[in-house]
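Novice: Next up, model.txt (compact mmCIF, C-alpha atoms).
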# COMPACT_ATOMS: atom_id res chain seq x y z
CA MET A 1 193.93 72.66 53.58
CA ASN A 2 195.72 75.84 52.51
CA GLN A 3 195.35 79.35 53.97
CA ALA A 4 193.02 80.55 51.19
CA ASP A 5 190.63 77.65 51.87
CA ILE A 6 190.65 78.32 55.62
CA GLU A 7 189.87 81.99 55.00
CA LYS A 8 187.17 81.08 52.47
CA TYR A 9 185.35 78.69 54.81
CA ALA A 10 185.60 81.13 57.70
CA PHE A 11 184.23 83.97 55.58
CA LEU A 12 181.44 81.82 54.14
CA TYR A 13 180.51 80.72 57.66
CA PHE A 14 179.93 84.33 58.68
CA CYS A 15 178.14 85.34 55.44
CA GLY A 16 174.42 85.71 55.11
CA GLU A 17 172.66 83.39 52.69
CA LYS A 18 172.60 85.88 49.78
CA ASP A 19 176.33 86.63 50.04
CA ARG A 20 177.15 82.94 50.30
CA ASP A 21 175.08 82.28 47.17
CA ILE A 22 176.97 85.01 45.30
CA LEU A 23 180.37 83.70 46.34
CA LEU A 24 179.39 80.12 45.48
CA GLU A 25 178.19 81.37 42.07
CA ASN A 26 174.54 80.50 42.68
CA ARG A 27 173.73 84.20 42.13
CA LYS A 28 175.30 86.74 39.82
CA MET A 29 178.11 88.88 41.25
CA THR A 30 177.65 92.62 40.67
CA PHE A 31 180.43 95.19 40.52
CA GLU A 32 179.26 96.55 43.88
CA ASP A 33 179.36 93.02 45.33
CA LEU A 34 182.98 92.66 44.21
CA GLU A 35 183.87 95.99 45.78
CA ARG A 36 182.01 95.08 48.99
CA PHE A 37 183.60 91.63 49.29
CA SER A 38 187.01 93.18 48.64
CA TYR A 39 186.45 95.58 51.52
CA LEU A 40 185.05 92.93 53.89
CA THR A 41 187.73 90.30 53.25
CA ASP A 42 190.35 92.99 53.78
CA LEU A 43 188.60 94.02 57.00
CA PHE A 44 188.76 90.42 58.25
CA GLY A 45 192.42 90.22 57.22
CA PHE A 46 191.70 87.45 54.69
CA GLN A 47 194.23 88.51 52.07
CA LYS A 48 194.44 85.11 50.39
CA TYR A 49 190.65 84.79 50.02
CA HIS A 50 190.48 88.43 48.94
CA ALA A 51 192.92 87.62 46.10
CA GLN A 52 190.98 84.47 45.25
CA ILE A 53 187.70 86.42 44.94
CA TRP A 54 189.41 89.10 42.88
CA ASN A 55 191.04 86.58 40.53
CA LYS A 56 187.81 84.64 40.11
CA PHE A 57 185.34 87.47 39.54
CA SER A 58 187.15 90.64 38.41
CA GLY A 59 187.47 89.51 34.79
CA GLN A 60 183.73 89.84 34.24
CA PHE A 61 184.01 93.56 35.02
CA GLU A 62 186.87 94.35 32.65
CA GLU A 63 184.70 96.71 30.56
CA LYS A 64 183.57 98.50 33.72
CA PHE A 65 187.18 98.96 34.86
CA GLU A 66 188.15 100.29 31.44
CA ALA A 67 185.18 102.70 31.45
CA LEU A 68 186.11 103.92 34.92
CA GLU A 69 189.72 104.41 33.86
CA HIS A 70 188.60 106.36 30.79
CA LEU A 71 186.22 108.46 32.87
CA TYR A 72 188.99 109.16 35.37
CA GLU A 73 191.37 110.25 32.63
CA GLU A 74 188.75 112.56 31.10
CA SER A 75 187.70 114.06 34.41
CA ALA A 76 191.18 114.53 35.92
CA ASP A 77 191.50 118.01 34.42
CA ILE A 78 188.02 118.97 35.54
CA VAL A 79 188.71 117.81 39.08
CA ARG A 80 191.93 119.79 39.18
CA ASP A 81 190.17 122.89 37.88
CA ASN A 82 187.14 122.52 40.16
CA TYR A 83 188.63 121.36 43.45
CA ILE A 84 186.53 118.72 45.20
CA SER A 85 187.05 118.37 48.93
CA GLN A 86 189.00 115.19 49.60
CA ASP A 87 187.54 115.11 53.12
CA GLN A 88 184.01 114.80 51.69
CA GLU A 89 185.08 111.97 49.36
CA VAL A 90 186.68 110.07 52.26
CA LEU A 91 183.54 110.59 54.34
CA ASN A 92 181.36 109.16 51.55
CA ASP A 93 183.63 106.10 51.18
CA THR A 94 183.61 105.62 54.95
CA ASP A 95 179.81 105.82 55.05
CA GLN A 96 179.55 103.18 52.31
CA GLN A 97 182.01 100.88 54.07
CA THR A 98 180.20 101.30 57.39
CA GLN A 99 176.94 100.36 55.68
CA TRP A 100 178.57 97.26 54.12
CA LYS A 101 179.96 96.22 57.49
CA ASN A 102 176.61 96.73 59.24
CA ASP A 103 174.73 94.82 56.53
CA PHE A 104 177.22 91.96 56.75
CA LEU A 105 176.89 91.79 60.54
CA ARG A 106 173.08 91.97 60.36
CA ASN A 107 172.98 89.06 57.88
CA ALA A 108 175.58 86.92 59.66
CA PRO A 109 174.16 83.71 61.15
CA CYS A 110 175.65 84.49 64.56
CA HIS A 111 174.46 87.98 65.46
CA ASN A 112 177.02 88.59 68.21
CA LEU A 113 179.83 88.95 65.66
CA LYS A 114 181.77 92.20 66.03
CA LEU A 115 184.29 93.79 63.69
Can you present the structure in this file as structure tokens?
Specialist:
Amino acid sequence: MNQADIEKYAFLYFCGEKDRDILLENRKMTFEDLERFSYLTDLFGFQKYHAQIWNKFSGQFEEKFEALEHLYEESADIVRDNYISQDQEVLNDTDQQTQWKNDFLRNAPCHNLKL
């Protein structure tokens, strides 16, 4: 068994049923799911499984990535002209990641898991 498989089985063991179904392709992966799983696998230190998830699912969001890139390019001048506090953006990302972590822990089969 290789490192990616070990990480995969460990991660799937800790997943709630819905997340496991998404990762096993029994449910559709959303863009937010991909972002959330990327964050969580990174949090666990599962780089190989993180890459495996990314390689397997990111292709279905190619149009979304292109749209985001286009939006970023168009809005870069606006952002420079109308300064947005970077601290607020970091806080919002941190809040989202904290929610993902808490949801993952709440749905884990063993509720004494801590990250």
Novice: Using all atoms listed in the file for the distances, tell me which of A:Ser58, A:Asn107, A:Thr98, A:Ser75 is nearest to Leu43 in chain A.
Specialist: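 With all atoms listed in the file as the atom set, the closest residue is A:Thr98.
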Novice: From the options A:Asp21, A:Arg106, A:Phe11, A:Phe31, which residue's atoms come nearest to Gln60 in chain A, counting only C-alpha atoms?
Specialist: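 Distance minimum relative to Gln60 in chain A lands on A:Phe31.
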Novice: Just want the 12 Å neighbourhood of Asp19 in chain A, counted on only C-alpha atoms, with same-chain residues fewer than 2 positions away dropped. Output as a CSV table (one decimal) with C-alpha atoms, in the coordinates of the input.
Specialist:
chain,number,residue,atom,x,y,z
A,11,PHE,CA,184.2,84.0,55.6
A,12,LEU,CA,181.4,81.8,54.1
A,13,TYR,CA,180.5,80.7,57.7
A,14,PHE,CA,179.9,84.3,58.7
A,15,CYS,CA,178.1,85.3,55.4
A,16,GLY,CA,174.4,85.7,55.1
A,17,GLU,CA,172.7,83.4,52.7
A,21,ASP,CA,175.1,82.3,47.2
A,22,ILE,CA,177.0,85.0,45.3
A,23,LEU,CA,180.4,83.7,46.3
A,24,LEU,CA,179.4,80.1,45.5
A,25,GLU,CA,178.2,81.4,42.1
A,26,ASN,CA,174.5,80.5,42.7
A,27,ARG,CA,173.7,84.2,42.1
A,28,LYS,CA,175.3,86.7,39.8
A,29,MET,CA,178.1,88.9,41.2
A,30,THR,CA,177.6,92.6,40.7
A,33,ASP,CA,179.4,93.0,45.3
A,34,LEU,CA,183.0,92.7,44.2
A,36,ARG,CA,182.0,95.1,49.0
A,37,PHE,CA,183.6,91.6,49.3
A,40,LEU,CA,185.0,92.9,53.9
A,100,TRP,CA,178.6,97.3,54.1
A,103,ASP,CA,174.7,94.8,56.5
A,104,PHE,CA,177.2,92.0,56.8
A,105,LEU,CA,176.9,91.8,60.5
A,107,ASN,CA,173.0,89.1,57.9
A,108,ALA,CA,175.6,86.9,59.7
A,109,PRO,CA,174.2,83.7,61.2
Novice: Quick one, how far is CA of Lys48 in chain A from CA of Arg20 in chain A?
Specialist: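 Here the two named atoms are 17.4 Å from each other.
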Novice: In Å, how far is it from CA of His50 in chain A to CA of Lys8 in chain A?
Specialist: 8.8 Å
Novice: Find the distance between CA of Asn2 in chain A and CA of Asn102 in chain A and write it in Å to one decimal.
Specialist: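 The value is 29.1 Å.
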